[in-house]
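Have a look at coords-v1.tsv; it's TSV, C-alpha atoms:
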chain	number	residue	atom	x	y	z
H	294	MET	CA	-3.07	26.38	40.60
H	295	ARG	CA	-3.35	23.12	42.47
H	296	VAL	CA	-3.91	19.50	41.46
H	297	ALA	CA	-4.56	16.53	43.74
H	298	LEU	CA	-5.60	12.92	43.93
H	299	VAL	CA	-7.95	12.52	46.89
H	300	ASP	CA	-9.40	9.56	48.75
H	301	SER	CA	-12.45	11.25	50.24
H	302	PRO	CA	-15.46	13.11	48.78
H	303	ILE	CA	-14.63	16.27	46.83
H	304	ASP	CA	-15.91	19.52	48.35
H	305	VAL	CA	-16.83	21.52	45.25
H	306	SER	CA	-17.75	24.70	47.15
H	307	ALA	CA	-14.35	24.71	48.80
H	308	LEU	CA	-12.66	24.43	45.40
H	309	ILE	CA	-14.64	27.39	44.06
H	310	SER	CA	-13.69	29.48	47.10
H	311	GLU	CA	-10.07	28.41	46.69
H	312	VAL	CA	-9.62	29.80	43.17
H	313	THR	CA	-11.92	32.81	43.07
H	314	ASP	CA	-11.60	36.33	44.39
H	315	ASP	CA	-13.04	39.75	43.50
H	316	SER	CA	-10.98	39.90	40.27
H	317	CYS	CA	-12.85	36.93	38.80
H	318	GLY	CA	-15.71	37.78	36.50
H	319	ALA	CA	-16.14	34.12	35.70
H	320	ALA	CA	-15.64	30.73	37.31
H	321	THR	CA	-16.33	27.53	35.41
H	322	VAL	CA	-16.87	24.18	37.08
H	323	PHE	CA	-16.65	20.72	35.55
H	324	LEU	CA	-17.81	17.71	37.55
H	325	GLY	CA	-17.38	14.14	36.39
H	326	CYS	CA	-19.93	11.85	38.07
H	327	VAL	CA	-20.51	8.12	38.28
H	328	ARG	CA	-23.29	7.25	35.82
H	329	ASP	CA	-25.82	4.45	36.19
H	330	VAL	CA	-25.41	2.93	32.72
H	331	ASN	CA	-22.41	2.32	30.46
H	332	GLU	CA	-22.75	0.77	27.04
H	333	GLY	CA	-26.14	-0.63	27.96
H	334	ARG	CA	-25.04	-2.24	31.23
H	335	ALA	CA	-26.43	-1.19	34.60
H	336	VAL	CA	-23.59	0.16	36.73
H	337	THR	CA	-23.64	0.26	40.55
H	338	GLY	CA	-20.29	1.95	41.11
H	339	ILE	CA	-16.73	2.50	39.91
H	340	GLU	CA	-13.45	1.66	41.58
H	341	TYR	CA	-10.81	4.24	40.58
H	342	SER	CA	-7.09	3.52	40.82
H	343	ALA	CA	-4.01	5.37	39.59
H	344	TYR	CA	-0.29	5.37	39.09
H	345	ARG	CA	-0.23	8.08	41.70
H	346	SER	CA	3.19	9.67	41.21
H	347	MET	CA	2.83	9.91	37.45
H	348	ALA	CA	-0.82	10.95	37.58
H	349	GLU	CA	0.04	13.90	39.84
H	350	ARG	CA	2.91	14.81	37.54
H	351	GLU	CA	0.68	14.75	34.43
H	352	MET	CA	-2.05	16.73	36.18
H	353	THR	CA	0.52	19.35	37.15
H	354	ALA	CA	1.78	19.50	33.55
H	355	ILE	CA	-1.79	19.98	32.30
H	356	ALA	CA	-2.37	22.85	34.75
H	357	ARG	CA	0.85	24.52	33.59
H	358	GLU	CA	-0.15	24.11	29.95
H	359	ALA	CA	-3.57	25.63	30.69
H	360	ALA	CA	-1.81	28.63	32.23
H	361	GLU	CA	0.42	29.04	29.18
H	362	ARG	CA	-2.35	28.62	26.62
H	363	PHE	CA	-5.18	30.53	28.24
H	364	GLY	CA	-3.56	32.67	30.91
H	365	VAL	CA	-5.62	30.91	33.55
H	366	THR	CA	-3.60	30.38	36.71
H	367	ARG	CA	-6.66	30.17	38.97
H	368	LEU	CA	-7.24	26.48	38.35
H	369	VAL	CA	-7.81	23.55	40.65
H	370	VAL	CA	-8.18	19.90	39.62
H	371	GLU	CA	-9.08	17.13	42.06
H	372	HIS	CA	-9.59	13.49	41.07
H	373	ARG	CA	-10.96	11.05	43.59
H	374	LEU	CA	-9.72	7.45	43.89
H	375	GLY	CA	-11.29	4.41	45.55
H	376	THR	CA	-14.79	2.99	45.30
H	377	LEU	CA	-17.46	5.51	44.29
H	378	GLY	CA	-21.22	5.07	44.12
H	379	LEU	CA	-23.74	6.39	41.63
H	380	GLY	CA	-23.77	10.16	41.42
H	381	ASP	CA	-20.50	10.57	43.31
H	382	VAL	CA	-18.13	13.19	41.91
H	383	SER	CA	-14.99	11.50	40.55
H	384	VAL	CA	-13.30	14.61	39.20
H	385	ALA	CA	-13.79	18.33	39.76
H	386	ILE	CA	-12.16	21.16	37.85
H	387	VAL	CA	-12.64	24.83	38.64
H	388	ALA	CA	-11.13	27.57	36.49
H	389	ALA	CA	-11.51	31.26	37.27
H	390	HIS	CA	-10.53	34.37	35.33
H	391	PRO	CA	-11.63	38.00	34.94
H	392	HIS	CA	-13.43	36.91	31.72
H	393	ARG	CA	-15.48	33.88	30.81
H	394	ALA	CA	-13.78	32.73	27.59
H	395	PRO	CA	-10.40	31.80	29.13
H	396	ALA	CA	-12.17	30.18	32.10
H	397	LEU	CA	-14.32	28.04	29.80
H	398	ASP	CA	-11.39	27.14	27.53
H	399	ALA	CA	-9.07	26.20	30.39
H	400	MET	CA	-11.71	24.02	32.04
H	401	ARG	CA	-12.44	22.18	28.79
H	402	PHE	CA	-8.74	21.77	28.03
H	403	ALA	CA	-8.04	20.37	31.51
H	404	ILE	CA	-10.73	17.67	31.42
H	405	GLU	CA	-9.96	16.59	27.84
H	406	GLN	CA	-6.23	16.31	28.57
H	407	LEU	CA	-6.88	14.52	31.84
H	408	LYS	CA	-8.94	11.88	30.07
H	409	GLN	CA	-6.25	11.39	27.43
H	410	ARG	CA	-3.03	11.20	29.41
H	411	VAL	CA	-3.41	10.91	33.18
H	412	PRO	CA	-2.81	7.29	34.28
H	413	ILE	CA	-6.06	6.63	36.12
H	414	TRP	CA	-8.21	3.55	35.57
H	415	LYS	CA	-11.75	2.58	36.36
H	416	LEU	CA	-13.08	-0.81	37.29
H	417	GLU	CA	-16.79	-0.70	36.60
H	418	LEU	CA	-19.04	-2.64	38.94
H	419	TYR	CA	-22.26	-3.97	37.39
H	420	ILE	CA	-25.58	-4.80	38.94
H	421	ASP	CA	-25.14	-8.51	38.15
H	422	GLY	CA	-22.00	-8.64	40.33
H	423	THR	CA	-19.51	-8.66	37.46
H	424	ARG	CA	-16.76	-6.09	37.04
H	425	GLU	CA	-14.72	-4.87	34.11
H	426	TRP	CA	-11.81	-2.50	33.45
H	427	VAL	CA	-12.89	0.38	31.24
H	428	GLY	CA	-10.55	0.71	28.27
H	429	ALA	CA	-11.94	3.82	26.67
H	430	GLY	CA	-8.75	5.85	26.84
H	431	SER	CA	-6.68	6.74	23.84
H	432	ILE	CA	-2.95	6.59	23.25
H	433	PRO	CA	-1.38	10.00	23.83
H	434	ALA	CA	-0.12	11.52	20.60
H	435	GLY	CA	3.56	11.17	19.86
H	436	VAL	CA	4.07	8.18	22.11
H	437	ARG	CA	5.86	5.02	20.94
F	1310	MET	CA	23.51	-7.07	34.83
F	1311	MET	CA	21.24	-4.22	35.86
F	1312	THR	CA	17.91	-4.20	37.65
F	1313	VAL	CA	14.74	-2.23	36.92
F	1314	THR	CA	11.41	-2.17	38.71
F	1315	VAL	CA	8.42	-2.87	36.47
F	1316	LEU	CA	5.03	-1.62	37.65
F	1317	LEU	CA	1.77	-3.06	36.34
F	1318	PHE	CA	-1.66	-1.53	36.76
F	1319	ALA	CA	-5.35	-2.31	36.36
F	1320	SER	CA	-6.04	-4.99	33.72
F	1321	TYR	CA	-2.32	-5.61	33.16
F	1322	ALA	CA	-1.75	-6.31	36.86
F	1323	ASP	CA	-4.68	-8.71	36.75
F	1324	ALA	CA	-3.25	-10.44	33.66
F	1325	LEU	CA	0.15	-11.12	35.23
F	1326	GLY	CA	-1.20	-11.56	38.77
F	1327	LYS	CA	1.18	-8.99	40.26
F	1328	SER	CA	1.65	-5.25	40.40
F	1329	ALA	CA	5.44	-5.00	40.60
F	1330	ILE	CA	8.31	-7.10	39.26
F	1331	GLU	CA	12.08	-6.68	39.65
F	1332	LEU	CA	13.78	-7.61	36.37
F	1333	ASP	CA	17.47	-8.26	35.78
F	1334	LEU	CA	18.53	-7.08	32.34
F	1335	ALA	CA	21.67	-7.18	30.26
F	1336	PRO	CA	23.47	-3.85	29.78
F	1337	GLY	CA	22.14	-2.01	26.74
F	1338	SER	CA	18.59	-3.26	27.23
F	1339	THR	CA	15.62	-1.18	26.12
F	1340	VAL	CA	11.93	-0.97	26.96
F	1341	ARG	CA	11.35	-3.43	24.11
F	1342	ASP	CA	13.37	-6.09	25.96
F	1343	ILE	CA	11.23	-5.64	29.06
F	1344	LEU	CA	8.05	-6.01	27.02
F	1345	GLY	CA	9.41	-9.21	25.48
F	1346	THR	CA	10.05	-10.63	28.94
F	1347	LEU	CA	6.60	-9.65	30.20
F	1348	LEU	CA	4.83	-11.13	27.18
F	1349	SER	CA	6.56	-14.48	27.76
F	1350	MET	CA	5.49	-14.67	31.41
F	1351	PRO	CA	2.36	-16.60	32.50
F	1352	GLY	CA	-0.60	-14.36	31.65
F	1353	GLY	CA	1.57	-12.23	29.35
F	1354	ASP	CA	-0.51	-13.32	26.38
F	1355	ARG	CA	-3.27	-11.05	27.76
F	1356	LEU	CA	-1.11	-7.95	27.26
F	1357	PRO	CA	-1.08	-6.11	23.94
F	1358	THR	CA	2.17	-6.61	22.02
F	1359	ARG	CA	2.99	-2.88	22.18
F	1360	PRO	CA	1.50	-1.44	25.35
F	1361	LEU	CA	2.07	2.11	26.49
F	1362	VAL	CA	5.10	2.46	28.75
F	1363	ALA	CA	6.47	5.17	31.05
F	1364	VAL	CA	10.03	5.32	32.34
F	1365	ASN	CA	10.46	7.25	35.59
F	1366	GLN	CA	6.91	8.67	35.25
F	1367	GLU	CA	7.33	9.93	31.68
F	1368	TYR	CA	5.83	8.34	28.59
F	1369	ALA	CA	8.56	6.48	26.71
F	1370	SER	CA	8.97	4.46	23.52
F	1371	ALA	CA	10.01	0.86	22.91
F	1372	ASN	CA	13.47	2.14	21.94
F	1373	THR	CA	14.06	3.97	25.21
F	1374	ALA	CA	17.37	2.81	26.63
F	1375	LEU	CA	17.61	1.66	30.25
F	1376	HIS	CA	20.60	2.09	32.53
F	1377	GLY	CA	19.43	0.32	35.68
F	1378	GLY	CA	17.42	1.61	38.61
F	1379	GLU	CA	14.55	2.95	36.52
F	1380	GLU	CA	10.87	2.61	37.38
F	1381	VAL	CA	9.24	1.24	34.24
F	1382	ALA	CA	5.44	1.34	34.22
F	1383	VAL	CA	3.31	-0.57	31.73
F	1384	ILE	CA	0.19	1.51	31.30
F	1385	PRO	CA	-3.21	0.21	30.20
F	1386	PRO	CA	-5.50	2.57	28.26
F	1387	VAL	CA	-6.21	5.39	30.70
F	1388	ALA	CA	-9.79	6.03	31.80
F	1389	GLY	CA	-9.85	8.88	34.28
F	1390	GLY	CA	-12.66	11.35	34.63

Please, can you express the file's structure as structure tokens?
Amino acid sequence: MRVALVDSPIDVSALISEVTDDSCGAATVFLGCVRDVNEGRAVTGIEYSAYRSMAEREMTAIAREAAERFGVTRLVVEHRLGTLGLGDVSVAIVAAHPHRAPALDAMRFAIEQLKQRVPIWKLELYIDGTREWVGAGSIPAGVR
Amino acid sequence: MMTVTVLLFASYADALGKSAIELDLAPGSTVRDILGTLLSMPGGDRLPTRPLVAVNQEYASANTALHGGEEVAVIPPVAGG
């Protein structure tokens, strides 16, 4: 397994090659992309920032939990930071396994956990020149 | 006295106009004491009264005790993905 915060475009094909071999009957890929509209407002891009040391730590913990829960150790998670344009891939997750069910479950688990607990933020840039921090995240369970 | 480093991110950094603050605290201080100090600073009224906090990169509670030298991060609602 490998997790990383990256500052340049994510090479999805390379990630698939990284985690698969002839034992894998299934590989699942999740891509998060910058969308052109959010809550009715036209978006031109998103600026991603993070608390890097903690984000990498949480991403590593999520990958370990995915291995424990689903037996999926062939997992890679990359999240890109910086200013991204429409359609750019902000996060990519690839999970591979001899069978599809664990690969699907691990991929879903990884993205849902990432969205809940990894300290990454997005500053949305709108077509009218305004910008706003997106506060859609939830409070991790058991905290405070 | 003991010193901790407080890190602010995203909307919270904008609210206080800085991304890192060194705070001197009395022995026995907790995360709650840090939050009280932040809320009383200029722009602190734009922080929630009980924001999420991490101490040394782990989520913590308001009661978490500090001993000096910690990295205390005040964490806005996360929005990765």

Considering only C-alpha atoms, give me a table of residues in chain H that are at most 8 Å from chain F, with the closest atom pair and distance in Å for each, as a tab-separated table.
residue	atom	partner	partner_atom	distance
H:Gly325	CA	F:Gly1390	CA	5.8
H:Tyr341	CA	F:Gly1389	CA	7.9
H:Ser342	CA	F:Ala1319	CA	7.5
H:Ala343	CA	F:Phe1318	CA	7.8
H:Tyr344	CA	F:Phe1318	CA	7.4
H:Ser346	CA	F:Gln1366	CA	7.1
H:Met347	CA	F:Gln1366	CA	4.8
H:Arg350	CA	F:Gln1366	CA	7.7
H:His372	CA	F:Gly1390	CA	7.4
H:Ser383	CA	F:Gly1390	CA	6.4
H:Val384	CA	F:Gly1390	CA	5.6
H:Ile404	CA	F:Gly1390	CA	7.3
H:Leu407	CA	F:Gly1389	CA	6.8
H:Lys408	CA	F:Gly1389	CA	5.2
H:Gln409	CA	F:Val1387	CA	6.8
H:Arg410	CA	F:Val1387	CA	6.7
H:Val411	CA	F:Val1387	CA	6.7
H:Pro412	CA	F:Val1387	CA	5.3
H:Ile413	CA	F:Gly1389	CA	4.8
H:Trp414	CA	F:Ala1388	CA	4.8
H:Lys415	CA	F:Ala1388	CA	6.0
H:Leu416	CA	F:Ala1319	CA	7.9
H:Trp426	CA	F:Ser1320	CA	6.3
H:Val427	CA	F:Ala1388	CA	6.5
H:Gly428	CA	F:Pro1386	CA	5.4
H:Ala429	CA	F:Ala1388	CA	6.0
H:Gly430	CA	F:Val1387	CA	4.6
H:Ser431	CA	F:Pro1386	CA	6.2
H:Ile432	CA	F:Pro1386	CA	6.9
H:Val436	CA	F:Ser1370	CA	6.3
H:Arg437	CA	F:Ser1370	CA	4.1

I'd like the interatomic distance between atom CA of H:Ala348 and atom CA of H:Ala388, to a tenth of an Å.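 These two atoms are separated by 19.6 Å.
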
**OP:** Show which residues sit within 12 Å of F:Asp1342, as a list in words. Count all atoms listed in the file, and ignore same-chain residues fewer than 5 positions away.
**Re:**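 Contacts, with the query itself left out: Val1313, Leu1332, Asp1333, Leu1334, Ala1335, Pro1336, Gly1337, Leu1347, Leu1348, Ser1349, Thr1358, Arg1359, Ser1370, Ala1371, Asn1372, Thr1373, Ala1374, Leu1375 and Val1381 of chain F.
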
Output file for the residues above (C-alpha atoms, as a PDB file, keeping the file's coordinate frame):
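Result written to out.pdb:
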ATOM      1  CA  VAL F1313      14.740  -2.230  36.920  1.00  0.00           C
ATOM      2  CA  LEU F1332      13.780  -7.610  36.370  1.00  0.00           C
ATOM      3  CA  ASP F1333      17.470  -8.260  35.780  1.00  0.00           C
ATOM      4  CA  LEU F1334      18.530  -7.080  32.340  1.00  0.00           C
ATOM      5  CA  ALA F1335      21.670  -7.180  30.260  1.00  0.00           C
ATOM      6  CA  PRO F1336      23.470  -3.850  29.780  1.00  0.00           C
ATOM      7  CA  GLY F1337      22.140  -2.010  26.740  1.00  0.00           C
ATOM      8  CA  LEU F1347       6.600  -9.650  30.200  1.00  0.00           C
ATOM      9  CA  LEU F1348       4.830 -11.130  27.180  1.00  0.00           C
ATOM     10  CA  SER F1349       6.560 -14.480  27.760  1.00  0.00           C
ATOM     11  CA  THR F1358       2.170  -6.610  22.020  1.00  0.00           C
ATOM     12  CA  ARG F1359       2.990  -2.880  22.180  1.00  0.00           C
ATOM     13  CA  SER F1370       8.970   4.460  23.520  1.00  0.00           C
ATOM     14  CA  ALA F1371      10.010   0.860  22.910  1.00  0.00           C
ATOM     15  CA  ASN F1372      13.470   2.140  21.940  1.00  0.00           C
ATOM     16  CA  THR F1373      14.060   3.970  25.210  1.00  0.00           C
ATOM     17  CA  ALA F1374      17.370   2.810  26.630  1.00  0.00           C
ATOM     18  CA  LEU F1375      17.610   1.660  30.250  1.00  0.00           C
ATOM     19  CA  VAL F1381       9.240   1.240  34.240  1.00  0.00           C
TER      20      VAL F1381
END

For F:Gly1352, the closest of F:Ala1324, F:Val1383, F:Val1315, F:Val1340 counting only C-alpha atoms is F:Ala1324

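Rounded to one decimal, atom CA of F:Ala1329 and atom CA of H:Tyr419 lie 27.9 Å from each other.
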
Closest of H:Leu379, H:Leu368, H:Ala297, H:Ala320 to H:Ile420, counting all atoms listed in the file, is H:Leu379

Note to self: Counting all atoms listed in the file, I want the residues whose atoms come within 9 Å of (-13.1, 41.6, 32.9) in the file frame, returned as a PyMOL selection string.
What the structure shows: chain H and resi 316-319+390-393

Atom CA of H:Ala399 to atom CA of H:Leu308: how many Å, to one decimal?
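Interatomic distance, atom CA of H:Ala399 to atom CA of H:Leu308: 15.5 Å.
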
Rebuild stretch 311-323 of chain H to N, CA and C atoms - output it as a tab-separated table (two decimals), in the coordinates of the input, please.
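Result saved to selection_0.tsv:
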chain	number	residue	atom	x	y	z
H	311	GLU	N	-11.54	28.44	46.76
H	311	GLU	CA	-10.07	28.41	46.69
H	311	GLU	C	-9.54	29.23	45.51
H	312	VAL	N	-10.21	29.17	44.36
H	312	VAL	CA	-9.62	29.80	43.17
H	312	VAL	C	-10.23	31.16	42.81
H	313	THR	N	-11.29	31.55	43.47
H	313	THR	CA	-11.92	32.81	43.07
H	313	THR	C	-11.62	33.93	44.07
H	314	ASP	N	-11.59	35.14	43.54
H	314	ASP	CA	-11.60	36.33	44.39
H	314	ASP	C	-12.33	37.43	43.61
H	315	ASP	N	-12.25	38.68	44.09
H	315	ASP	CA	-13.04	39.75	43.50
H	315	ASP	C	-12.61	40.12	42.07
H	316	SER	N	-11.44	39.61	41.64
H	316	SER	CA	-10.98	39.90	40.27
H	316	SER	C	-11.65	38.99	39.25
H	317	CYS	N	-12.32	37.95	39.72
H	317	CYS	CA	-12.85	36.93	38.80
H	317	CYS	C	-14.26	37.29	38.36
H	318	GLY	N	-14.38	37.55	37.05
H	318	GLY	CA	-15.71	37.78	36.50
H	318	GLY	C	-16.37	36.49	36.11
H	319	ALA	N	-15.60	35.41	36.10
H	319	ALA	CA	-16.14	34.12	35.70
H	319	ALA	C	-15.43	32.99	36.43
H	320	ALA	N	-16.22	31.98	36.80
H	320	ALA	CA	-15.64	30.73	37.31
H	320	ALA	C	-16.40	29.61	36.63
H	321	THR	N	-15.67	28.66	36.06
H	321	THR	CA	-16.33	27.53	35.41
H	321	THR	C	-16.01	26.28	36.21
H	322	VAL	N	-17.01	25.40	36.29
H	322	VAL	CA	-16.87	24.18	37.08
H	322	VAL	C	-17.20	22.99	36.20
H	323	PHE	N	-16.32	21.99	36.18
H	323	PHE	CA	-16.65	20.72	35.55
H	323	PHE	C	-16.68	19.66	36.63
